[in-house]
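Peer 1: Contents of work01.txt (compact mmCIF, C-alpha atoms):
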# COMPACT_ATOMS: atom_id res chain seq x y z
CA MET Z 1 7.54 35.14 -58.55
CA ARG Z 2 5.07 36.35 -55.93
CA ILE Z 3 5.78 34.77 -52.52
CA LEU Z 4 3.79 34.95 -49.27
CA VAL Z 5 5.87 34.43 -46.11
CA THR Z 6 4.83 33.74 -42.50
CA GLY Z 7 7.34 34.12 -39.68
CA SER Z 8 9.00 36.78 -41.81
CA HIS Z 9 10.40 38.73 -38.85
CA GLY Z 10 12.28 35.78 -37.37
CA MET Z 11 15.94 35.03 -37.97
CA ILE Z 12 15.35 32.78 -40.99
CA GLY Z 13 12.34 34.71 -42.30
CA SER Z 14 14.14 38.06 -42.28
CA ALA Z 15 17.07 36.62 -44.20
CA LEU Z 16 14.72 34.92 -46.67
CA VAL Z 17 12.76 38.13 -47.36
CA ALA Z 18 15.96 40.09 -47.99
CA ARG Z 19 17.41 37.43 -50.29
CA ALA Z 20 14.17 36.86 -52.23
CA ARG Z 21 13.68 40.58 -52.80
CA GLY Z 22 17.30 40.84 -53.88
CA ASP Z 23 16.54 38.13 -56.45
CA ARG Z 24 13.65 40.32 -57.68
CA HIS Z 25 10.82 38.22 -56.23
CA GLU Z 26 7.81 40.07 -54.87
CA VAL Z 27 7.47 39.17 -51.18
CA VAL Z 28 4.40 39.82 -49.02
CA ARG Z 29 4.32 39.11 -45.28
CA LEU Z 30 1.48 37.28 -43.51
CA VAL Z 31 1.65 38.84 -40.03
CA ARG Z 32 -0.15 39.29 -36.73
CA PRO Z 33 -2.95 41.88 -36.92
CA GLY Z 34 -1.06 44.53 -34.96
CA ARG Z 35 1.91 44.29 -37.32
CA ALA Z 36 0.00 44.22 -40.61
CA ALA Z 37 -0.30 47.95 -41.27
CA ALA Z 38 3.29 48.75 -40.32
CA ALA Z 39 4.69 45.83 -42.31
CA GLY Z 40 2.48 46.38 -45.33
CA GLY Z 41 1.40 42.79 -44.94
CA ILE Z 42 -1.71 40.66 -44.73
CA PRO Z 43 -3.11 40.02 -41.22
CA TRP Z 44 -3.89 36.62 -39.76
CA ASP Z 45 -4.76 35.50 -36.25
CA ILE Z 46 -3.80 31.90 -35.47
CA ALA Z 47 -5.38 31.89 -32.01
CA ARG Z 48 -8.76 32.94 -33.41
CA GLY Z 49 -8.39 30.94 -36.63
CA GLN Z 50 -8.86 34.05 -38.76
CA VAL Z 51 -7.38 35.01 -42.11
CA ASP Z 52 -8.96 36.73 -45.11
CA PRO Z 53 -8.87 34.17 -47.96
CA ALA Z 54 -9.18 36.92 -50.56
CA GLY Z 55 -5.82 38.29 -49.42
CA LEU Z 56 -4.18 34.94 -50.17
CA GLU Z 57 -5.17 34.88 -53.84
CA GLY Z 58 -2.59 35.30 -56.56
CA PHE Z 59 0.57 33.97 -54.94
CA ASP Z 60 2.89 31.57 -56.72
CA ALA Z 61 4.34 30.20 -53.48
CA VAL Z 62 3.72 30.26 -49.74
CA VAL Z 63 6.59 29.83 -47.27
CA HIS Z 64 5.40 29.04 -43.75
CA LEU Z 65 8.00 29.65 -41.01
CA ALA Z 66 5.86 30.88 -38.11
CA GLY Z 67 6.07 29.10 -34.76
CA GLU Z 68 6.77 29.64 -31.07
CA ASN Z 69 10.48 29.58 -30.16
CA ILE Z 70 11.30 26.18 -28.64
CA ALA Z 71 14.07 27.53 -26.38
CA GLY Z 72 13.26 27.85 -22.68
CA ARG Z 73 12.05 25.49 -19.98
CA TRP Z 74 9.23 23.33 -21.29
CA THR Z 75 6.42 24.00 -18.84
CA ALA Z 76 2.97 22.68 -19.75
CA ALA Z 77 2.04 26.15 -21.03
CA LYS Z 78 5.23 26.46 -23.08
CA LYS Z 79 4.72 23.05 -24.68
CA ALA Z 80 1.11 23.91 -25.54
CA SER Z 81 2.26 27.14 -27.17
CA ILE Z 82 4.98 25.37 -29.18
CA ARG Z 83 2.48 22.79 -30.39
CA ASP Z 84 -0.49 25.08 -31.04
CA SER Z 85 1.48 27.76 -32.89
CA ARG Z 86 2.73 25.18 -35.38
CA ILE Z 87 -0.22 22.88 -35.84
CA ARG Z 88 -3.02 25.45 -35.68
CA GLY Z 89 -1.07 27.84 -37.89
CA THR Z 90 -0.35 25.19 -40.51
CA SER Z 91 -3.95 23.93 -40.44
CA LEU Z 92 -5.35 27.46 -40.85
CA LEU Z 93 -3.02 28.26 -43.72
CA SER Z 94 -3.46 24.91 -45.46
CA ASP Z 95 -7.26 24.98 -45.18
CA SER Z 96 -7.34 28.57 -46.43
CA ILE Z 97 -5.24 28.07 -49.56
CA ARG Z 98 -7.07 24.83 -50.40
CA GLY Z 99 -10.23 26.83 -51.09
CA LEU Z 100 -8.66 29.51 -53.29
CA ALA Z 101 -9.71 30.01 -56.89
CA ARG Z 102 -6.04 30.18 -57.81
CA PRO Z 103 -4.01 28.39 -55.13
CA PRO Z 104 -0.21 28.66 -54.99
CA ARG Z 105 1.82 26.06 -56.83
CA VAL Z 106 3.85 25.23 -53.74
CA LEU Z 107 3.59 25.40 -49.95
CA VAL Z 108 6.97 25.21 -48.19
CA CYS Z 109 6.59 24.51 -44.46
CA ALA Z 110 9.28 24.57 -41.82
CA SER Z 111 9.73 21.41 -39.80
CA ALA Z 112 12.71 20.10 -37.83
CA VAL Z 113 15.06 17.15 -37.46
CA GLY Z 114 13.39 16.75 -34.08
CA PHE Z 115 10.99 14.59 -36.13
CA TYR Z 116 13.47 11.72 -35.77
CA GLY Z 117 13.91 11.90 -32.00
CA SER Z 118 17.23 11.09 -30.34
CA ARG Z 119 18.78 8.20 -32.29
CA GLY Z 120 22.44 8.02 -31.20
CA ASP Z 121 24.86 7.61 -34.11
CA GLU Z 122 22.27 6.14 -36.51
CA LEU Z 123 22.59 7.97 -39.86
CA LEU Z 124 19.11 9.10 -40.92
CA ASP Z 125 17.64 10.24 -44.20
CA GLU Z 126 14.10 11.21 -45.16
CA SER Z 127 12.94 7.58 -45.28
CA ALA Z 128 13.48 7.16 -41.51
CA ALA Z 129 10.39 6.84 -39.33
CA ALA Z 130 9.36 9.38 -36.72
CA GLY Z 131 11.05 9.03 -33.36
CA ARG Z 132 9.72 9.35 -29.84
CA GLY Z 133 9.32 12.32 -27.55
CA PHE Z 134 7.63 15.69 -27.47
CA LEU Z 135 9.41 17.25 -30.47
CA ALA Z 136 8.97 14.15 -32.62
CA GLU Z 137 5.23 14.17 -31.92
CA VAL Z 138 4.96 17.90 -32.65
CA CYS Z 139 6.86 17.58 -35.94
CA ARG Z 140 4.77 14.60 -37.04
CA ASP Z 141 1.48 16.44 -36.40
CA TRP Z 142 2.90 19.70 -37.77
CA GLU Z 143 3.64 18.05 -41.11
CA ALA Z 144 0.30 16.23 -41.15
CA ALA Z 145 -1.52 19.56 -40.76
CA ALA Z 146 -0.60 20.47 -44.35
CA ALA Z 147 -2.68 17.57 -45.74
CA PRO Z 148 -5.53 19.80 -47.06
CA ALA Z 149 -3.12 21.69 -49.33
CA ARG Z 150 -1.64 18.44 -50.62
CA ALA Z 151 -5.14 17.09 -51.30
CA ARG Z 152 -5.81 20.15 -53.49
CA GLY Z 153 -2.81 19.22 -55.65
CA ILE Z 154 -0.43 21.81 -54.21
CA ARG Z 155 3.18 20.66 -54.00
CA VAL Z 156 4.02 20.59 -50.29
CA VAL Z 157 7.60 20.57 -48.97
CA HIS Z 158 8.43 20.00 -45.30
CA LEU Z 159 11.94 21.33 -44.62
CA ARG Z 160 13.29 19.48 -41.60
CA PHE Z 161 15.81 22.04 -40.39
CA GLY Z 162 18.72 21.16 -38.20
CA MET Z 163 20.34 23.76 -35.96
CA VAL Z 164 20.49 26.93 -38.07
CA LEU Z 165 23.75 28.77 -37.38
CA SER Z 166 23.81 32.56 -37.26
CA PRO Z 167 25.34 35.08 -34.87
CA ALA Z 168 22.08 37.02 -35.17
CA GLY Z 169 20.02 34.47 -33.22
CA GLY Z 170 19.39 30.87 -32.30
CA ALA Z 171 21.79 28.50 -30.56
CA LEU Z 172 25.03 29.95 -31.94
CA ALA Z 173 24.20 33.45 -30.73
CA LYS Z 174 23.68 32.09 -27.20
CA MET Z 175 27.00 30.23 -27.30
CA LEU Z 176 29.17 33.12 -28.40
CA LEU Z 177 29.51 35.06 -25.14
CA PRO Z 178 30.63 32.14 -22.95
CA PHE Z 179 32.91 30.79 -25.67
CA ARG Z 180 34.48 34.20 -26.25
CA MET Z 181 35.10 34.44 -22.50
CA GLY Z 182 36.85 31.07 -22.56
CA LEU Z 183 34.01 29.43 -20.65
CA GLY Z 184 32.83 27.09 -23.40
CA GLY Z 185 33.01 23.33 -23.35
CA ARG Z 186 31.31 20.15 -24.44
CA VAL Z 187 27.81 19.35 -23.19
CA GLY Z 188 27.33 16.02 -21.45
CA SER Z 189 29.49 13.31 -23.03
CA GLY Z 190 29.97 15.41 -26.16
CA LEU Z 191 29.30 12.31 -28.25
CA GLN Z 192 25.80 13.37 -29.27
CA TYR Z 193 25.44 14.38 -32.92
CA MET Z 194 24.40 17.87 -34.01
CA SER Z 195 22.82 18.25 -37.44
CA TRP Z 196 23.30 21.86 -38.55
CA ILE Z 197 23.04 24.29 -41.45
CA SER Z 198 24.39 27.80 -41.96
CA LEU Z 199 21.81 30.57 -42.31
CA ASP Z 200 23.02 31.23 -45.87
CA ASP Z 201 22.40 27.63 -46.85
CA ALA Z 202 19.07 27.53 -45.02
CA VAL Z 203 17.83 30.43 -47.15
CA GLY Z 204 19.23 28.82 -50.27
CA ILE Z 205 17.36 25.60 -49.50
CA LEU Z 206 14.12 27.51 -48.92
CA LEU Z 207 14.39 29.16 -52.33
CA ALA Z 208 15.31 25.84 -53.96
CA ALA Z 209 12.19 24.28 -52.43
CA VAL Z 210 10.10 27.11 -53.86
CA GLU Z 211 11.58 26.84 -57.32
CA SER Z 212 12.34 23.14 -57.87
CA ASP Z 213 9.57 20.66 -58.66
CA ARG Z 214 12.02 17.87 -57.77
CA LEU Z 215 11.63 18.66 -54.07
CA THR Z 216 8.44 17.45 -52.43
CA GLY Z 217 7.43 15.96 -49.10
CA PRO Z 218 9.97 15.85 -46.25
CA VAL Z 219 13.40 17.27 -47.09
CA ASN Z 220 16.26 17.32 -44.59
CA ALA Z 221 17.61 20.88 -44.51
CA VAL Z 222 21.00 20.07 -43.01
CA THR Z 223 24.64 20.04 -44.09
CA PRO Z 224 26.09 16.76 -45.41
CA GLU Z 225 28.56 16.90 -42.49
CA PRO Z 226 26.88 16.49 -39.07
CA VAL Z 227 29.31 16.72 -36.14
CA THR Z 228 29.36 15.59 -32.55
CA ASN Z 229 29.01 18.16 -29.80
CA ARG Z 230 32.64 17.51 -28.90
CA GLU Z 231 33.72 18.31 -32.48
CA PHE Z 232 31.49 21.39 -32.62
CA THR Z 233 32.99 22.67 -29.37
CA ARG Z 234 36.56 22.13 -30.54
CA ILE Z 235 35.99 23.84 -33.91
CA LEU Z 236 34.13 26.83 -32.46
CA GLY Z 237 36.90 27.33 -29.91
CA LYS Z 238 39.53 27.13 -32.63
CA VAL Z 239 37.70 29.65 -34.83
CA LEU Z 240 37.40 32.04 -31.88
CA ASN Z 241 40.95 31.23 -30.71
CA ARG Z 242 39.67 30.47 -27.22
CA PRO Z 243 40.06 27.45 -24.90
CA THR Z 244 37.11 25.07 -24.44
CA LEU Z 245 37.93 23.44 -21.12
CA LEU Z 246 34.71 23.85 -19.10
CA PRO Z 247 32.25 21.03 -19.87
CA MET Z 248 28.64 21.13 -18.75
CA PRO Z 249 27.79 17.78 -17.16
CA ALA Z 250 24.59 16.04 -18.18
CA PHE Z 251 23.14 16.33 -14.67
CA ALA Z 252 23.59 20.12 -14.80
CA VAL Z 253 21.82 20.28 -18.16
CA ARG Z 254 18.87 18.35 -16.75
CA LEU Z 255 18.80 20.47 -13.61
CA LEU Z 256 18.94 23.81 -15.44
CA PHE Z 257 16.86 23.07 -18.54
CA GLY Z 258 14.71 20.03 -17.77
CA GLU Z 259 13.08 18.24 -20.69
CA MET Z 260 14.20 20.89 -23.16
CA GLY Z 261 17.85 20.31 -22.25
CA GLU Z 262 17.46 16.54 -22.43
CA SER Z 263 15.99 16.80 -25.93
CA LEU Z 264 17.94 19.65 -27.51
CA LEU Z 265 21.30 19.59 -25.74
CA LEU Z 266 21.81 15.93 -24.87
CA GLY Z 267 19.80 14.30 -27.66
CA SER Z 268 21.69 12.93 -30.67
CA VAL Z 269 20.34 13.38 -34.20
CA ARG Z 270 22.66 12.42 -37.06
CA VAL Z 271 20.88 13.39 -40.27
CA ARG Z 272 21.96 13.58 -43.89
CA PRO Z 273 20.28 15.63 -46.66
CA GLY Z 274 19.46 12.68 -48.90
CA LEU Z 275 16.97 14.37 -51.22
CA LEU Z 276 19.01 17.55 -51.59
CA GLN Z 277 22.08 15.54 -52.48
CA ALA Z 278 20.10 13.45 -54.97
CA ALA Z 279 18.87 16.67 -56.58
CA GLY Z 280 22.43 17.97 -56.85
CA HIS Z 281 21.77 20.92 -54.55
CA PRO Z 282 24.96 22.96 -53.96
CA PHE Z 283 25.89 23.84 -50.38
CA GLN Z 284 27.84 27.04 -49.82
CA TYR Z 285 29.18 25.86 -46.46
CA PRO Z 286 29.03 22.07 -46.12
CA GLU Z 287 31.80 21.96 -43.47
CA LEU Z 288 31.60 23.51 -40.03
CA ALA Z 289 34.90 25.40 -39.76
CA PRO Z 290 34.47 27.44 -42.97
CA ALA Z 291 30.83 28.08 -42.08
CA LEU Z 292 31.74 29.46 -38.65
CA ARG Z 293 34.60 31.54 -40.03
CA HIS Z 294 32.20 33.08 -42.55
CA LEU Z 295 29.41 33.68 -40.03
CA LEU Z 296 31.73 35.18 -37.44
CA GLY Z 297 33.74 37.32 -39.85
CA ARG Z 298 36.96 35.41 -39.29
CA GLU Z 299 37.70 34.29 -42.84
CA GLY Z 300 41.38 34.43 -43.65
CA ARG Z 301 42.40 34.14 -39.98
Is it possible to express this structure as structure tokens?

Peer 2:
Amino acid sequence: MRILVTGSHGMIGSALVARARGDRHEVVRLVRPGRAAAAGGIPWDIARGQVDPAGLEGFDAVVHLAGENIAGRWTAAKKASIRDSRIRGTSLLSDSIRGLARPPRVLVCASAVGFYGSRGDELLDESAAAGRGFLAEVCRDWEAAAAPARARGIRVVHLRFGMVLSPAGGALAKMLLPFRMGLGGRVGSGLQYMSWISLDDAVGILLAAVESDRLTGPVNAVTPEPVTNREFTRILGKVLNRPTLLPMPAFAVRLLFGEMGESLLLGSVRVRPGLLQAAGHPFQYPELAPALRHLLGREGR
């Protein structure tokens, strides 16, 4: 299979490219103009709305992972960058492949469980409506931007990722130093739910979305076992064999991180992978403790 990938140098994209090539798929990167020659990829410029449609011909699948990192204080400029990188990028890609003589059979787009907003302990599947707040609005418009591809008859999958766990990047990588120093603890009340997925399973779900016609529309890319922040803290401390006695109060989260902290650290999103479970998709690491032991090289300890 010939697969075009955006965001291929990010944490998830890099792992996907390596796995897909290991499975003997041909992978081509869609990259920023300055990176194209070095990466042997196809250039595109989201800010200028430029991509060469001829370079997009002949692919069986397109996997779209590109987007501004959401970590960091959400200033007006940061929020605009988060929004524009996702919506403009998806619109440009979707419009471009719609007009191809031979469009891909499938477009797999990253999305996020932020679509649902903070919903307490309500258990959510793909039938749940969009929530409220900045991330929910971004995710809603991000998914809508793929409408031109869907109108052309291309199967479109929106993978609503939870927190993707890897020591190579993302939230887990930021947690490791304080937890290893014995400075970890719950955030706020610790009762807020965290919907998560290991990097291995995230890549497996991406490839399943490429290959399986049973997956279409929004698909929750999360483990079947969401945990509270309190549970996550306890399990990570146990895996690292370190105490977790230093909580971060909610007021400190709001003071240090503002709206981003309120949404990502204090918000509660309890999501289940309804469509993946209905399709019989196998998870390598459905439970948190084995996933963390694998990711952190502590299996058998």

Peer 1: With distances taken over only C-alpha atoms, which of Z:Leu124, Z:Met163, Z:Ala250, Z:Ala208 is nearest to Pro282 (chain Z)?

Peer 2: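 For Pro282 (chain Z), the nearest of the candidates is Z:Ala208.
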
Peer 1: Calculate how many Å separate CA of Asn69 (chain Z) from CA of Gly170 (chain Z), rounding to one decimal.

Peer 2: 9.3 Å

Peer 1: Measure the distance from CA of Asp23 (chain Z) to CA of Leu159 (chain Z) in Å and round it to one decimal.

Peer 2: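 Taking CA of Asp23 (chain Z) and CA of Leu159 (chain Z), their separation equals 21.1 Å.
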
Peer 1: Could you pull the residues within 9 Å of region 16-22 of chain Z, counting only C-alpha atoms, minus those fewer than 2 positions along the same chain, as JSON, numbers by chain?

Peer 2: {"Z": [3, 5, 8, 9, 11, 12, 13, 14, 24, 25, 26, 27, 28, 29, 202, 203, 204, 206, 207]}

Peer 1: Only C-alpha atoms, please: the residues just picked out, written as a CSV table (one decimal), keeping the file's coordinate frame.

Peer 2:
chain,number,residue,atom,x,y,z
Z,3,ILE,CA,5.8,34.8,-52.5
Z,5,VAL,CA,5.9,34.4,-46.1
Z,8,SER,CA,9.0,36.8,-41.8
Z,9,HIS,CA,10.4,38.7,-38.8
Z,11,MET,CA,15.9,35.0,-38.0
Z,12,ILE,CA,15.4,32.8,-41.0
Z,13,GLY,CA,12.3,34.7,-42.3
Z,14,SER,CA,14.1,38.1,-42.3
Z,24,ARG,CA,13.6,40.3,-57.7
Z,25,HIS,CA,10.8,38.2,-56.2
Z,26,GLU,CA,7.8,40.1,-54.9
Z,27,VAL,CA,7.5,39.2,-51.2
Z,28,VAL,CA,4.4,39.8,-49.0
Z,29,ARG,CA,4.3,39.1,-45.3
Z,202,ALA,CA,19.1,27.5,-45.0
Z,203,VAL,CA,17.8,30.4,-47.2
Z,204,GLY,CA,19.2,28.8,-50.3
Z,206,LEU,CA,14.1,27.5,-48.9
Z,207,LEU,CA,14.4,29.2,-52.3

Peer 1: Counting only C-alpha atoms, what is within 7 Å of region 134-136 of chain Z, bar same-chain residues fewer than 4 positions away, as an NGL selection string?

Peer 2: :Z and (114-117 or 130 or 140)

Peer 1: From the options Z:Leu240, Z:Ile42, Z:Ala146, Z:Val113, which residue's atoms come nearest to Ile87 (chain Z), counting all atoms listed in the file?

Peer 2: Z:Ala146

Peer 1: Using all atoms listed in the file, can you tell me which of Z:Gly261, Z:Pro43, Z:Gly131, Z:Gly120 comes closest to Leu191 (chain Z)?

Peer 2: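 Closest to Leu191 (chain Z) of all the choices is Z:Gly120.
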
Peer 1: Report as a PyMOL selection string all protein, DNA and RNA residues lying within 12 Å of region 241-244 of chain Z, evaluated on only C-alpha atoms, omitting residues in the same chain fewer than 2 positions from it.

Peer 2: chain Z and resi 175-187+229-239+246-248+293+298+301

Peer 1: Here is a test: counting only C-alpha atoms, which residue of Z:Gly7, Z:Gly41, Z:Gly258, Z:Gly280 is nearest to Gly89 (chain Z)?

Peer 2: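 Distance minimum relative to Gly89 (chain Z) lands on Z:Gly7.
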
Peer 1: When distances are computed from all atoms listed in the file, which of Z:Gly133, Z:Pro103, Z:Gly188, Z:Gly10 shows the smallest separation from Leu56 (chain Z)?

Peer 2: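 Distance minimum relative to Leu56 (chain Z) lands on Z:Pro103.
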
Peer 1: CA of Val62 (chain Z) to CA of Leu215 (chain Z): how many Å, to one decimal?

Peer 2: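 Computing it gives 14.7 Å between the two atoms.
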
Peer 1: In the coordinates of the file, take the point (-10.6, 26.4, -48.7) and a cut-off of 12 Å; then, counting only C-alpha atoms, name each qualifying protein, DNA or RNA residue as an NGL selection string.

Peer 2: :Z and (51-54 or 56-57 or 91-103 or 148-149 or 151-152)

Peer 1: Using all atoms listed in the file, find the one residue out of Z:Asp200, Z:Glu225, Z:Asp213, Z:Glu126 that sits nearest to Val106 (chain Z).

Peer 2: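 Closest to Val106 (chain Z), using all atoms listed in the file: Z:Asp213.
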
Peer 1: Could you add the missing atoms to region 43-76 of chain Z, up to N, CA and C atoms, and return them as a PDB file, keeping the file's coordinate frame?

Peer 2:
ATOM      1  N   PRO Z  43      -2.942  40.490 -42.600  1.00  0.00           N
ATOM      2  CA  PRO Z  43      -3.110  40.020 -41.220  1.00  0.00           C
ATOM      3  C   PRO Z  43      -3.681  38.603 -41.146  1.00  0.00           C
ATOM      4  N   TRP Z  44      -3.235  37.876 -40.114  1.00  0.00           N
ATOM      5  CA  TRP Z  44      -3.890  36.620 -39.760  1.00  0.00           C
ATOM      6  C   TRP Z  44      -3.765  36.437 -38.251  1.00  0.00           C
ATOM      7  N   ASP Z  45      -4.706  35.699 -37.699  1.00  0.00           N
ATOM      8  CA  ASP Z  45      -4.760  35.500 -36.250  1.00  0.00           C
ATOM      9  C   ASP Z  45      -4.899  34.001 -35.997  1.00  0.00           C
ATOM     10  N   ILE Z  46      -3.789  33.349 -35.646  1.00  0.00           N
ATOM     11  CA  ILE Z  46      -3.800  31.900 -35.470  1.00  0.00           C
ATOM     12  C   ILE Z  46      -4.690  31.502 -34.302  1.00  0.00           C
ATOM     13  N   ALA Z  47      -4.614  32.246 -33.200  1.00  0.00           N
ATOM     14  CA  ALA Z  47      -5.380  31.890 -32.010  1.00  0.00           C
ATOM     15  C   ALA Z  47      -6.877  31.885 -32.284  1.00  0.00           C
ATOM     16  N   ARG Z  48      -7.335  32.843 -33.088  1.00  0.00           N
ATOM     17  CA  ARG Z  48      -8.760  32.940 -33.410  1.00  0.00           C
ATOM     18  C   ARG Z  48      -9.125  32.198 -34.697  1.00  0.00           C
ATOM     19  N   GLY Z  49      -8.126  31.661 -35.383  1.00  0.00           N
ATOM     20  CA  GLY Z  49      -8.390  30.940 -36.630  1.00  0.00           C
ATOM     21  C   GLY Z  49      -8.889  31.844 -37.737  1.00  0.00           C
ATOM     22  N   GLN Z  50      -8.345  33.068 -37.806  1.00  0.00           N
ATOM     23  CA  GLN Z  50      -8.860  34.050 -38.760  1.00  0.00           C
ATOM     24  C   GLN Z  50      -7.793  34.466 -39.766  1.00  0.00           C
ATOM     25  N   VAL Z  51      -8.174  34.448 -41.028  1.00  0.00           N
ATOM     26  CA  VAL Z  51      -7.380  35.010 -42.110  1.00  0.00           C
ATOM     27  C   VAL Z  51      -8.343  35.294 -43.258  1.00  0.00           C
ATOM     28  N   ASP Z  52      -8.089  36.363 -43.994  1.00  0.00           N
ATOM     29  CA  ASP Z  52      -8.960  36.730 -45.110  1.00  0.00           C
ATOM     30  C   ASP Z  52      -8.515  35.957 -46.350  1.00  0.00           C
ATOM     31  N   PRO Z  53      -9.290  34.964 -46.795  1.00  0.00           N
ATOM     32  CA  PRO Z  53      -8.870  34.170 -47.960  1.00  0.00           C
ATOM     33  C   PRO Z  53      -8.622  35.011 -49.199  1.00  0.00           C
ATOM     34  N   ALA Z  54      -9.365  36.085 -49.369  1.00  0.00           N
ATOM     35  CA  ALA Z  54      -9.180  36.920 -50.560  1.00  0.00           C
ATOM     36  C   ALA Z  54      -7.762  37.491 -50.618  1.00  0.00           C
ATOM     37  N   GLY Z  55      -7.184  37.758 -49.443  1.00  0.00           N
ATOM     38  CA  GLY Z  55      -5.820  38.290 -49.420  1.00  0.00           C
ATOM     39  C   GLY Z  55      -4.773  37.282 -49.816  1.00  0.00           C
ATOM     40  N   LEU Z  56      -5.140  35.996 -49.839  1.00  0.00           N
ATOM     41  CA  LEU Z  56      -4.180  34.940 -50.170  1.00  0.00           C
ATOM     42  C   LEU Z  56      -4.187  34.583 -51.648  1.00  0.00           C
ATOM     43  N   GLU Z  57      -5.088  35.179 -52.411  1.00  0.00           N
ATOM     44  CA  GLU Z  57      -5.170  34.880 -53.840  1.00  0.00           C
ATOM     45  C   GLU Z  57      -3.967  35.464 -54.590  1.00  0.00           C
ATOM     46  N   GLY Z  58      -3.557  34.747 -55.619  1.00  0.00           N
ATOM     47  CA  GLY Z  58      -2.590  35.300 -56.560  1.00  0.00           C
ATOM     48  C   GLY Z  58      -1.130  35.084 -56.228  1.00  0.00           C
ATOM     49  N   PHE Z  59      -0.830  34.244 -55.264  1.00  0.00           N
ATOM     50  CA  PHE Z  59       0.570  33.970 -54.940  1.00  0.00           C
ATOM     51  C   PHE Z  59       1.049  32.715 -55.667  1.00  0.00           C
ATOM     52  N   ASP Z  60       2.297  32.738 -56.080  1.00  0.00           N
ATOM     53  CA  ASP Z  60       2.890  31.570 -56.720  1.00  0.00           C
ATOM     54  C   ASP Z  60       3.373  30.564 -55.673  1.00  0.00           C
ATOM     55  N   ALA Z  61       3.791  31.069 -54.518  1.00  0.00           N
ATOM     56  CA  ALA Z  61       4.340  30.200 -53.480  1.00  0.00           C
ATOM     57  C   ALA Z  61       4.018  30.774 -52.117  1.00  0.00           C
ATOM     58  N   VAL Z  62       3.885  29.871 -51.141  1.00  0.00           N
ATOM     59  CA  VAL Z  62       3.720  30.260 -49.740  1.00  0.00           C
ATOM     60  C   VAL Z  62       4.834  29.579 -48.946  1.00  0.00           C
ATOM     61  N   VAL Z  63       5.550  30.366 -48.144  1.00  0.00           N
ATOM     62  CA  VAL Z  63       6.590  29.830 -47.270  1.00  0.00           C
ATOM     63  C   VAL Z  63       6.153  30.059 -45.833  1.00  0.00           C
ATOM     64  N   HIS Z  64       5.985  28.986 -45.097  1.00  0.00           N
ATOM     65  CA  HIS Z  64       5.400  29.040 -43.750  1.00  0.00           C
ATOM     66  C   HIS Z  64       6.468  28.728 -42.709  1.00  0.00           C
ATOM     67  N   LEU Z  65       6.932  29.778 -42.001  1.00  0.00           N
ATOM     68  CA  LEU Z  65       8.000  29.650 -41.010  1.00  0.00           C
ATOM     69  C   LEU Z  65       7.559  29.969 -39.595  1.00  0.00           C
ATOM     70  N   ALA Z  66       6.308  30.395 -39.415  1.00  0.00           N
ATOM     71  CA  ALA Z  66       5.860  30.880 -38.110  1.00  0.00           C
ATOM     72  C   ALA Z  66       5.786  29.752 -37.088  1.00  0.00           C
ATOM     73  N   GLY Z  67       6.159  30.072 -35.850  1.00  0.00           N
ATOM     74  CA  GLY Z  67       6.070  29.100 -34.760  1.00  0.00           C
ATOM     75  C   GLY Z  67       6.736  29.627 -33.516  1.00  0.00           C
ATOM     76  N   GLU Z  68       6.213  29.245 -32.367  1.00  0.00           N
ATOM     77  CA  GLU Z  68       6.770  29.640 -31.070  1.00  0.00           C
ATOM     78  C   GLU Z  68       8.213  29.129 -30.938  1.00  0.00           C
ATOM     79  N   ASN Z  69       9.093  29.963 -30.413  1.00  0.00           N
ATOM     80  CA  ASN Z  69      10.480  29.580 -30.160  1.00  0.00           C
ATOM     81  C   ASN Z  69      10.513  28.399 -29.177  1.00  0.00           C
ATOM     82  N   ILE Z  70      11.292  27.363 -29.497  1.00  0.00           N
ATOM     83  CA  ILE Z  70      11.300  26.180 -28.640  1.00  0.00           C
ATOM     84  C   ILE Z  70      12.292  26.297 -27.480  1.00  0.00           C
ATOM     85  N   ALA Z  71      13.130  27.346 -27.483  1.00  0.00           N
ATOM     86  CA  ALA Z  71      14.070  27.530 -26.380  1.00  0.00           C
ATOM     87  C   ALA Z  71      13.340  27.928 -25.107  1.00  0.00           C
ATOM     88  N   GLY Z  72      13.880  27.541 -23.965  1.00  0.00           N
ATOM     89  CA  GLY Z  72      13.260  27.850 -22.680  1.00  0.00           C
ATOM     90  C   GLY Z  72      12.757  26.588 -22.001  1.00  0.00           C
ATOM     91  N   ARG Z  73      12.523  26.671 -20.719  1.00  0.00           N
ATOM     92  CA  ARG Z  73      12.050  25.490 -19.980  1.00  0.00           C
ATOM     93  C   ARG Z  73      10.661  25.100 -20.476  1.00  0.00           C
ATOM     94  N   TRP Z  74      10.486  23.811 -20.720  1.00  0.00           N
ATOM     95  CA  TRP Z  74       9.230  23.330 -21.290  1.00  0.00           C
ATOM     96  C   TRP Z  74       8.194  23.070 -20.191  1.00  0.00           C
ATOM     97  N   THR Z  75       7.568  24.132 -19.725  1.00  0.00           N
ATOM     98  CA  THR Z  75       6.420  24.000 -18.840  1.00  0.00           C
ATOM     99  C   THR Z  75       5.244  23.491 -19.670  1.00  0.00           C
ATOM    100  N   ALA Z  76       4.168  23.123 -19.017  1.00  0.00           N
ATOM    101  CA  ALA Z  76       2.970  22.680 -19.750  1.00  0.00           C
ATOM    102  C   ALA Z  76       2.478  23.781 -20.669  1.00  0.00           C
TER     103      ALA Z  76
END
